[in-house]
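Have a look at the structure below, then the notes.
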Amino acid sequence: MKFINLTRHTEIGANSYYLEIAGKRLVLDCGMHPKNVGEEALPNFRPLGDGQLDAIIISHAHQDHIGTLPVLMRRQPRARVFMPEPTAEIGNALLHNSVNVMTRQREELGTTLYPLFTHRETESGSDLWQSCPLRQRITTAGERVGPRASDELTFEFHDAGHVLGSSGILLRGDGRTIFYTGDVNFDDQTIMSAAVFPEEKIDILIMECTRGDHAQPENWTRAREERRLAEAIAAAFQRGGCVLIPVFALGKTQELLAMLYKFRRDEWLRDFPVYIGGLSAKMSEIYDRRANTSRRQLPRLQLLGAVEPFVLTGENIADAPVKPGRVYALSSGMMTPNTLSNIFARRVIENPRHSVFFVGYADPESPAGLLRDAPADGEVALEAGQPAQRVRCHIEEFQFSAHASRESLIRCAKNIAPGKVVLVHGAPPAVEWMRATLSAELPQSEVIVPTPGAEIEL
Ligand SMILES: [Zn+2]
Ligand SMILES: [Zn+2]
């Protein structure tokens, strides 16, 4: 069995992995890098050659896992594309939004490469996607098969508890089982329920490492953190300011809306206006439509109906008033230049009455990471080439990660005790902590950090 890490560096970037097993060639995920632009935003597809792939299997609809799917489909017209049903619906909205973003970037960056794909390509591509139920064995020809052993390569999706539709992928072929976690959470969030992974024996585990460089604080509980957030919002309003919370359009926005709903329901906070972005509103609609049919907490909660957020867009963000007593939950989570959260942040960070709260993962070198880690009264440039601004606003960080803690990842790997563990989706310090810890705690397993672009035999 062959494996190639198609991500360009050991990082959370344009995540993508090549597997060759039981005579089939497939790719798991094909993301777009959240920070890089042009060619560097794509996975390194060169080792694939053209037209050779049998299947592309997508774990979930975050940009860093699905963002370059139309490009890979263009290069691999023979490959069938599979993903869980909600991921197809969300992915379609996300990729069309991405075309709009890239079309704007074409002029701003002066790159003729953009957009990397078009609305028409996204439309015709998504017609070919095959959406799959959970826990159903499927062949790369798209046929459902029973649980009886078969010689043919099969895959199946298992709920990964990260965002709506997120799934781990179990592959069976050549008498071996391979499990790719995708992005995973083993704890309940406010909406998402914890992952339910397969119980059977797994030979090769391909595991994400997002939080490998952060220990879970000992007395952390989600309930306590929710209380702390509610109190911080109340304090921010009392200072006479607004609260900006940079969030990803998919996942963190909906978790936050559900928290804000609970804060009001339980009378921790009085009613206040909430603002979200246009793509976030679209994603929330999908959460609402699927509330009854997905495995989740608060299944009767309709986010848009209960919280009634106002919608801001790229067109009106610059003129939207910054008013005290309001929560602006804007994407992107990393405050990437030209996104709503970045544009809005530049208007609030110099004012000591306003607050910026961080509630999820942000790369330390992203604008959100720079602002979060800025020393008190220090300076930050939220966009390259723009003048730095003095940070006078109130900044606070909360732990509502949609990713598994490193402790729970280690527990999962020890339960499975696979012959080999392949570590992916983490910055070098995160991957290194996971490698060292797993090597010590699972001496029978081979722990592998795959060098980007290098073919390895598993
Ligand atoms: Zn994700
Ligand atoms: Zn990811």
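Numbering starts fresh at 1 for the residues of each chain in the structure tokens, the chains themselves are lettered A, B, ... in the order given, and ligands are numbered from 1 as they appear.
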Give one line per residue of chain A that approaches ligand 1 to at most 12 Å, naming the two atoms of the closest pair and their distance in Å to one decimal, counting only C-alpha atoms and all ligand atoms; sort by chain then ascending residue number and deliver it as a Markdown table.
| residue | atom | partner | partner_atom_place_in_ligand_line | distance |
| --- | --- | --- | --- | --- |
| A:Ile12 | CA | ligand 1 | 1 (Zn) | 9.8 |
| A:Gly13 | CA | ligand 1 | 1 (Zn) | 11.0 |
| A:Ala14 | CA | ligand 1 | 1 (Zn) | 11.5 |
| A:Asn15 | CA | ligand 1 | 1 (Zn) | 10.2 |
| A:Asp29 | CA | ligand 1 | 1 (Zn) | 11.0 |
| A:Gly31 | CA | ligand 1 | 1 (Zn) | 10.2 |
| A:Met32 | CA | ligand 1 | 1 (Zn) | 11.9 |
| A:Pro34 | CA | ligand 1 | 1 (Zn) | 11.6 |
| A:Ile58 | CA | ligand 1 | 1 (Zn) | 11.3 |
| A:Ser59 | CA | ligand 1 | 1 (Zn) | 8.8 |
| A:His60 | CA | ligand 1 | 1 (Zn) | 6.8 |
| A:Ala61 | CA | ligand 1 | 1 (Zn) | 7.3 |
| A:His62 | CA | ligand 1 | 1 (Zn) | 5.0 |
| A:Gln63 | CA | ligand 1 | 1 (Zn) | 7.8 |
| A:Asp64 | CA | ligand 1 | 1 (Zn) | 7.1 |
| A:His65 | CA | ligand 1 | 1 (Zn) | 7.1 |
| A:Ile66 | CA | ligand 1 | 1 (Zn) | 9.8 |
| A:Gly67 | CA | ligand 1 | 1 (Zn) | 11.4 |
| A:Thr87 | CA | ligand 1 | 1 (Zn) | 11.4 |
| A:Ala160 | CA | ligand 1 | 1 (Zn) | 10.1 |
| A:Gly161 | CA | ligand 1 | 1 (Zn) | 10.3 |
| A:His162 | CA | ligand 1 | 1 (Zn) | 6.8 |
| A:Val163 | CA | ligand 1 | 1 (Zn) | 7.1 |
| A:Leu164 | CA | ligand 1 | 1 (Zn) | 10.1 |
| A:Gly165 | CA | ligand 1 | 1 (Zn) | 10.4 |
| A:Ser166 | CA | ligand 1 | 1 (Zn) | 7.7 |
| A:Ser167 | CA | ligand 1 | 1 (Zn) | 10.1 |
| A:Gly168 | CA | ligand 1 | 1 (Zn) | 11.5 |
| A:Thr181 | CA | ligand 1 | 1 (Zn) | 11.0 |
| A:Gly182 | CA | ligand 1 | 1 (Zn) | 7.7 |
| A:Asp183 | CA | ligand 1 | 1 (Zn) | 5.1 |
| A:Val184 | CA | ligand 1 | 1 (Zn) | 7.9 |
| A:Asn185 | CA | ligand 1 | 1 (Zn) | 10.0 |
| A:Glu208 | CA | ligand 1 | 1 (Zn) | 10.0 |
| A:Cys209 | CA | ligand 1 | 1 (Zn) | 11.7 |
| A:Thr210 | CA | ligand 1 | 1 (Zn) | 9.7 |
| A:Phe248 | CA | ligand 1 | 1 (Zn) | 9.6 |
| A:Ala249 | CA | ligand 1 | 1 (Zn) | 11.2 |
| A:Leu250 | CA | ligand 1 | 1 (Zn) | 8.7 |
| A:Gly251 | CA | ligand 1 | 1 (Zn) | 8.4 |
| A:Lys252 | CA | ligand 1 | 1 (Zn) | 10.2 |
| A:Gly333 | CA | ligand 1 | 1 (Zn) | 11.8 |
| A:Gly360 | CA | ligand 1 | 1 (Zn) | 11.3 |
| A:Tyr361 | CA | ligand 1 | 1 (Zn) | 10.1 |
| A:Ser401 | CA | ligand 1 | 1 (Zn) | 10.5 |
| A:Ala402 | CA | ligand 1 | 1 (Zn) | 7.8 |
| A:His403 | CA | ligand 1 | 1 (Zn) | 7.9 |
| A:Ala404 | CA | ligand 1 | 1 (Zn) | 11.1 |
| A:His425 | CA | ligand 1 | 1 (Zn) | 9.8 |
| A:Gly426 | CA | ligand 1 | 1 (Zn) | 11.9 |
Leu69 (chain A) environment, 12 Å, only C-alpha atoms, sequence neighbours closer than 2 positions dropped, as a ChimeraX atom specification: /A:14-16,27-32,42-43,45,55-58,60-67,71-77,79-83,88,91-92,94-96,98,116-118,121-123,125-126,128-129
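With distances restricted to only C-alpha atoms, A:Met192 is the closest residue to Pro299 (chain A) from A:Met192, A:Leu48, A:Ile395, A:Leu109.
Here CA of Pro115 (chain A) stands at a distance of 11.2 Å from CA of Asn97 (chain A).
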All residues 7 Å or closer to region 259-266 of chain A, only C-alpha atoms, same chain fewer than 2 positions away omitted, as an MDAnalysis selection string: chainID A and resid 190 230 255:257 268:271 306:307
Residue set, region 44-276 of chain A restricted to helix (DSSP H, G or I), as JSON, numbers by chain: {"A": [46, 47, 48, 63, 64, 65, 66, 69, 70, 71, 72, 73, 74, 75, 85, 86, 87, 88, 89, 90, 91, 92, 93, 94, 95, 96, 97, 98, 99, 100, 101, 102, 103, 104, 105, 106, 107, 108, 109, 110, 119, 120, 121, 122, 123, 124, 125, 126, 127, 128, 222, 223, 224, 225, 226, 227, 228, 229, 230, 231, 232, 233, 234, 235, 236, 237, 238, 252, 253, 254, 255, 256, 257, 258, 259, 260, 261, 262, 263, 264, 265]}
